[in-house]
Amino acid sequence: MSSSVLTPKTVSELVKIVAKKGKNAVLVSGVDPGDRPVPGKVTIDLTHIGALNEISTQKDRVTIGTGVNLGRLSREAPGEIGLIRQAASLIGSPLVRNRITILEALDPKSPYFDITTPLVLLDAKVRLQGPTTKRTLSIRDFLEQLSRGLKKGELPVAVEYTRIPATHRAGFFRVARMSGKGTVSAATRIRMVRNTAMEPEIVVSSLTVIPLRSKAAEKEIAGKTISEATIKSAAAKAAEEIAALAEKHSAYDNTLIEIAVSRTLRDIANGSIG
């Protein structure tokens, strides 16, 4: 193992290192002895920090440390009828998911940033800790703060969300652009009464930093039977609404949004998870 690998034992120790090393710090879940050190970077292994690797449930509240990797998340995420588990398995391939942490996935520059789409749907909260301060933000406020920059040395140390009721169904889907640059994802939850969609919530990544709820798509499908016609109509409304909000958009982007939203609705209609 390279001497450039640090193994902090506590969150306090970690944030002090990050505050000192800044952008030169590379945070990972586990280090392979064959890994070559990145020139000019310091690798920090998070696996020895117990608080970052905990998954706990108290009543209806779930807390997951950001040191948990996507592999564990795809197997063990509790309390949300399979939504986070499905998202983690789709976002991280089997080759990388046991190395990519939630902490890395929460970085807007990460190719795994689509994990924030279901977190927005779940109205999650993010716990932050710095060298001298602690605070908790809603996932939306956290993502807005990221666009401006966190405080020096500050890191997200846990995400929290409330269980989705068993009466609901949920779905997630992610699609990559053909250019390989950027993805679109959608997360949906619906309370199903027979085949009728009640209280729908639809969140779309929209190729922006902050995933957005599509109220137009929700209105389009609310109180209706989920059929191929209503799925196509809701997906088109989502693409149209996001296009109006995005700074840059194209017909291709619309198609990707329609694919992602349609897939989540079909999964819900078919009872794939939930």
# chains A, B, ... in the order shown; residues from 1 in each chain; ligands from 1
>>> residues_around(residues="Tyr112 in chain A", least_positions_apart="4", cutoff="7 Å", atoms="only C-alpha atoms", output="PyMOL selection string")
chain A and resi 91-92+105
>>> write_last_selection(atoms="all heavy atoms", output="PDB file, in the first residue's frame")
ATOM      1  N   ILE A  91     -26.721   3.038 -11.024  1.00  0.00           N
ATOM      2  CA  ILE A  91     -25.742   4.120 -11.149  1.00  0.00           C
ATOM      3  C   ILE A  91     -24.308   3.587 -11.177  1.00  0.00           C
ATOM      4  O   ILE A  91     -23.466   4.066 -11.939  1.00  0.00           O
ATOM      5  CB  ILE A  91     -25.921   5.130  -9.996  1.00  0.00           C
ATOM      6  CG1 ILE A  91     -27.249   5.879 -10.165  1.00  0.00           C
ATOM      7  CG2 ILE A  91     -24.759   6.114  -9.939  1.00  0.00           C
ATOM      8  CD1 ILE A  91     -27.651   6.676  -8.952  1.00  0.00           C
ATOM      9  N   GLY A  92     -24.024   2.597 -10.335  1.00  0.00           N
ATOM     10  CA  GLY A  92     -22.664   2.060 -10.264  1.00  0.00           C
ATOM     11  C   GLY A  92     -22.593   0.666 -10.856  1.00  0.00           C
ATOM     12  O   GLY A  92     -23.327  -0.227 -10.442  1.00  0.00           O
ATOM     13  N   ALA A 105     -20.336  10.297  -4.702  1.00  0.00           N
ATOM     14  CA  ALA A 105     -21.493  10.448  -5.583  1.00  0.00           C
ATOM     15  C   ALA A 105     -22.211  11.778  -5.374  1.00  0.00           C
ATOM     16  O   ALA A 105     -22.902  12.257  -6.274  1.00  0.00           O
ATOM     17  CB  ALA A 105     -22.467   9.294  -5.374  1.00  0.00           C
TER      18      ALA A 105
END
>>> select_by_dssp(residues="range 22-271 of chain A", states="strand (DSSP E or B)", output="VMD selection string")
chain A and resid 25 to 28 42 to 45 55 to 58 61 to 65 69 101 125 to 129 134 to 138 155 to 162 168 to 176 183 to 193 196 to 204 212 to 213 225
>>> residues_around(residues="Pro111 in chain A", least_positions_apart="4", cutoff="10 Å", atoms="only C-alpha atoms", output="PyMOL selection string")
chain A and resi 91-92+104-107+115+176+181-183
>>> write_last_selection(atoms="N, CA, C and O atoms", output="tab-separated table (two decimals), in the first residue's frame")
chain	number	residue	atom	x	y	z
A	91	ILE	N	-26.72	3.04	-11.02
A	91	ILE	CA	-25.74	4.12	-11.15
A	91	ILE	C	-24.31	3.59	-11.18
A	91	ILE	O	-23.47	4.07	-11.94
A	92	GLY	N	-24.02	2.60	-10.33
A	92	GLY	CA	-22.66	2.06	-10.26
A	92	GLY	C	-22.59	0.67	-10.86
A	92	GLY	O	-23.33	-0.23	-10.44
A	104	GLU	N	-18.54	10.49	-2.57
A	104	GLU	CA	-18.09	10.81	-3.93
A	104	GLU	C	-19.27	11.09	-4.84
A	104	GLU	O	-19.24	12.00	-5.67
A	105	ALA	N	-20.34	10.30	-4.70
A	105	ALA	CA	-21.49	10.45	-5.58
A	105	ALA	C	-22.21	11.78	-5.37
A	105	ALA	O	-22.90	12.26	-6.27
A	106	LEU	N	-22.05	12.39	-4.21
A	106	LEU	CA	-22.69	13.68	-3.93
A	106	LEU	C	-21.95	14.86	-4.58
A	106	LEU	O	-22.42	15.99	-4.52
A	107	ASP	N	-20.82	14.59	-5.19
A	107	ASP	CA	-20.05	15.63	-5.89
A	107	ASP	C	-20.69	15.88	-7.26
A	107	ASP	O	-20.84	14.94	-8.05
A	115	ILE	N	-27.40	9.78	-7.87
A	115	ILE	CA	-27.94	9.32	-6.59
A	115	ILE	C	-28.74	10.42	-5.92
A	115	ILE	O	-29.62	10.15	-5.07
A	176	ALA	N	-27.83	7.47	-20.16
A	176	ALA	CA	-26.65	8.25	-20.49
A	176	ALA	C	-26.77	8.85	-21.89
A	176	ALA	O	-27.38	8.26	-22.79
A	181	LYS	N	-21.20	12.29	-22.24
A	181	LYS	CA	-21.10	13.43	-21.34
A	181	LYS	C	-22.46	13.73	-20.73
A	181	LYS	O	-23.35	14.25	-21.39
A	182	GLY	N	-22.62	13.37	-19.47
A	182	GLY	CA	-23.86	13.69	-18.77
A	182	GLY	C	-24.89	12.59	-18.86
A	182	GLY	O	-24.87	11.75	-19.76
A	183	THR	N	-25.79	12.58	-17.89
A	183	THR	CA	-26.87	11.61	-17.84
A	183	THR	C	-28.16	12.32	-17.49
A	183	THR	O	-28.16	13.47	-17.04
>>> select_by_dssp(residues="range 88-123 of chain A", states="helix (DSSP H, G or I)", output="MDAnalysis selection string")
chainID A and resid 88:91 102:105 113:121
>>> closest_residue(among="A:Ile44, A:Ile202, A:Leu121, A:Leu83", to="Ala25 in chain A", atoms="only C-alpha atoms")
A:Ile44
>>> residues_around(residues="range 143-145 of chain A", least_positions_apart="5", cutoff="12 Å", atoms="only C-alpha atoms", output="PyMOL selection string")
chain A and resi 106-108+113+116-117+119-120+124-126+128+136-138+150-151+154-156+208-212
>>> residues_around(residues="range 233-243 of chain A", least_positions_apart="3", cutoff="7 Å", atoms="only C-alpha atoms", output="list of chain:residue names")
A:Ser206, A:Ser214, A:Ala216, A:Ala217, A:Glu220, A:Ile221, A:Ala229, A:Thr230, A:Ala246, A:His249, A:Asn254, A:Ile257, A:Glu258, A:Val261, A:Ser262
>>> write_last_selection(atoms="N, CA, C and O atoms", output="PDB file, in the first residue's frame")
ATOM      1  N   SER A 206     -32.537  16.372 -15.236  1.00  0.00           N
ATOM      2  CA  SER A 206     -32.560  17.477 -16.208  1.00  0.00           C
ATOM      3  C   SER A 206     -31.204  18.002 -16.639  1.00  0.00           C
ATOM      4  O   SER A 206     -31.107  19.082 -17.195  1.00  0.00           O
ATOM      5  N   SER A 214     -41.210  17.760 -11.363  1.00  0.00           N
ATOM      6  CA  SER A 214     -42.027  18.156 -12.503  1.00  0.00           C
ATOM      7  C   SER A 214     -43.490  18.170 -12.075  1.00  0.00           C
ATOM      8  O   SER A 214     -44.167  17.142 -12.087  1.00  0.00           O
ATOM      9  N   ALA A 216     -45.876  19.616 -13.632  1.00  0.00           N
ATOM     10  CA  ALA A 216     -46.737  19.434 -14.804  1.00  0.00           C
ATOM     11  C   ALA A 216     -46.982  17.957 -15.083  1.00  0.00           C
ATOM     12  O   ALA A 216     -48.098  17.533 -15.383  1.00  0.00           O
ATOM     13  N   ALA A 217     -45.927  17.149 -14.968  1.00  0.00           N
ATOM     14  CA  ALA A 217     -46.068  15.707 -15.184  1.00  0.00           C
ATOM     15  C   ALA A 217     -46.923  15.077 -14.095  1.00  0.00           C
ATOM     16  O   ALA A 217     -47.746  14.191 -14.359  1.00  0.00           O
ATOM     17  N   GLU A 220     -50.473  15.789 -14.742  1.00  0.00           N
ATOM     18  CA  GLU A 220     -50.948  15.070 -15.916  1.00  0.00           C
ATOM     19  C   GLU A 220     -51.396  13.652 -15.583  1.00  0.00           C
ATOM     20  O   GLU A 220     -52.321  13.124 -16.208  1.00  0.00           O
ATOM     21  N   ILE A 221     -50.757  13.041 -14.594  1.00  0.00           N
ATOM     22  CA  ILE A 221     -51.067  11.629 -14.313  1.00  0.00           C
ATOM     23  C   ILE A 221     -51.911  11.435 -13.053  1.00  0.00           C
ATOM     24  O   ILE A 221     -52.480  10.363 -12.844  1.00  0.00           O
ATOM     25  N   ALA A 229     -50.859   5.518 -22.728  1.00  0.00           N
ATOM     26  CA  ALA A 229     -51.207   6.879 -23.150  1.00  0.00           C
ATOM     27  C   ALA A 229     -50.882   7.908 -22.065  1.00  0.00           C
ATOM     28  O   ALA A 229     -50.301   8.964 -22.348  1.00  0.00           O
ATOM     29  N   THR A 230     -51.239   7.619 -20.801  1.00  0.00           N
ATOM     30  CA  THR A 230     -50.962   8.571 -19.728  1.00  0.00           C
ATOM     31  C   THR A 230     -49.469   8.636 -19.418  1.00  0.00           C
ATOM     32  O   THR A 230     -48.946   9.695 -19.053  1.00  0.00           O
ATOM     33  N   ALA A 246     -34.495  24.992 -18.020  1.00  0.00           N
ATOM     34  CA  ALA A 246     -33.063  24.798 -18.238  1.00  0.00           C
ATOM     35  C   ALA A 246     -32.467  25.929 -19.065  1.00  0.00           C
ATOM     36  O   ALA A 246     -33.121  26.486 -19.947  1.00  0.00           O
ATOM     37  N   HIS A 249     -30.958  23.494 -23.635  1.00  0.00           N
ATOM     38  CA  HIS A 249     -31.784  22.303 -23.817  1.00  0.00           C
ATOM     39  C   HIS A 249     -31.897  22.009 -25.299  1.00  0.00           C
ATOM     40  O   HIS A 249     -31.701  22.881 -26.154  1.00  0.00           O
ATOM     41  N   ASN A 254     -34.887  16.381 -24.447  1.00  0.00           N
ATOM     42  CA  ASN A 254     -36.302  16.055 -24.234  1.00  0.00           C
ATOM     43  C   ASN A 254     -36.529  14.554 -24.341  1.00  0.00           C
ATOM     44  O   ASN A 254     -37.252  13.959 -23.536  1.00  0.00           O
ATOM     45  N   ILE A 257     -35.284  12.706 -21.240  1.00  0.00           N
ATOM     46  CA  ILE A 257     -36.192  12.893 -20.107  1.00  0.00           C
ATOM     47  C   ILE A 257     -37.437  12.033 -20.274  1.00  0.00           C
ATOM     48  O   ILE A 257     -37.886  11.373 -19.326  1.00  0.00           O
ATOM     49  N   GLU A 258     -37.974  12.015 -21.481  1.00  0.00           N
ATOM     50  CA  GLU A 258     -39.169  11.196 -21.733  1.00  0.00           C
ATOM     51  C   GLU A 258     -38.879   9.714 -21.498  1.00  0.00           C
ATOM     52  O   GLU A 258     -39.704   8.989 -20.926  1.00  0.00           O
ATOM     53  N   VAL A 261     -38.493   9.192 -17.501  1.00  0.00           N
ATOM     54  CA  VAL A 261     -39.770   9.293 -16.784  1.00  0.00           C
ATOM     55  C   VAL A 261     -40.693   8.139 -17.163  1.00  0.00           C
ATOM     56  O   VAL A 261     -41.335   7.523 -16.302  1.00  0.00           O
ATOM     57  N   SER A 262     -40.761   7.821 -18.451  1.00  0.00           N
ATOM     58  CA  SER A 262     -41.623   6.726 -18.908  1.00  0.00           C
ATOM     59  C   SER A 262     -41.237   5.419 -18.251  1.00  0.00           C
ATOM     60  O   SER A 262     -42.106   4.637 -17.835  1.00  0.00           O
TER      61      SER A 262
END
>>> closest_residue(among="A:Ile81, A:Leu103, A:Leu245, A:Ala186", to="Gly271 in chain A", atoms="only C-alpha atoms")
A:Ile81
>>> closest_residue(among="A:Pro8, A:Ser29, A:Gly22, A:Phe172", to="Gln86 in chain A", atoms="only C-alpha atoms")
A:Phe172
>>> residues_around(residues="Leu256 in chain A", least_positions_apart="2", cutoff="8 Å", atoms="only C-alpha atoms", output="list of chain:residue names")
A:Val175, A:Arg177, A:Val184, A:Tyr252, A:Asp253, A:Asn254, A:Glu258, A:Ile259, A:Ala260
>>> atom_distance(atom1="CA of Ala244 in chain A", atom2="CA of Gly149 in chain A")
26.2 Å
>>> atom_distance(atom1="CA of Ala197 in chain A", atom2="CA of Ile139 in chain A")
25.7 Å
>>> atom_distance(atom1="CA of Thr162 in chain A", atom2="CA of Leu265 in chain A")
21.7 Å
>>> residues_around(residues="range 68-78 of chain A", least_positions_apart="2", cutoff="10 Å", atoms="only C-alpha atoms", output="ChimeraX atom specification")
/A:28-30,46-47,51-57,61-66,80-105,112,115,158,163
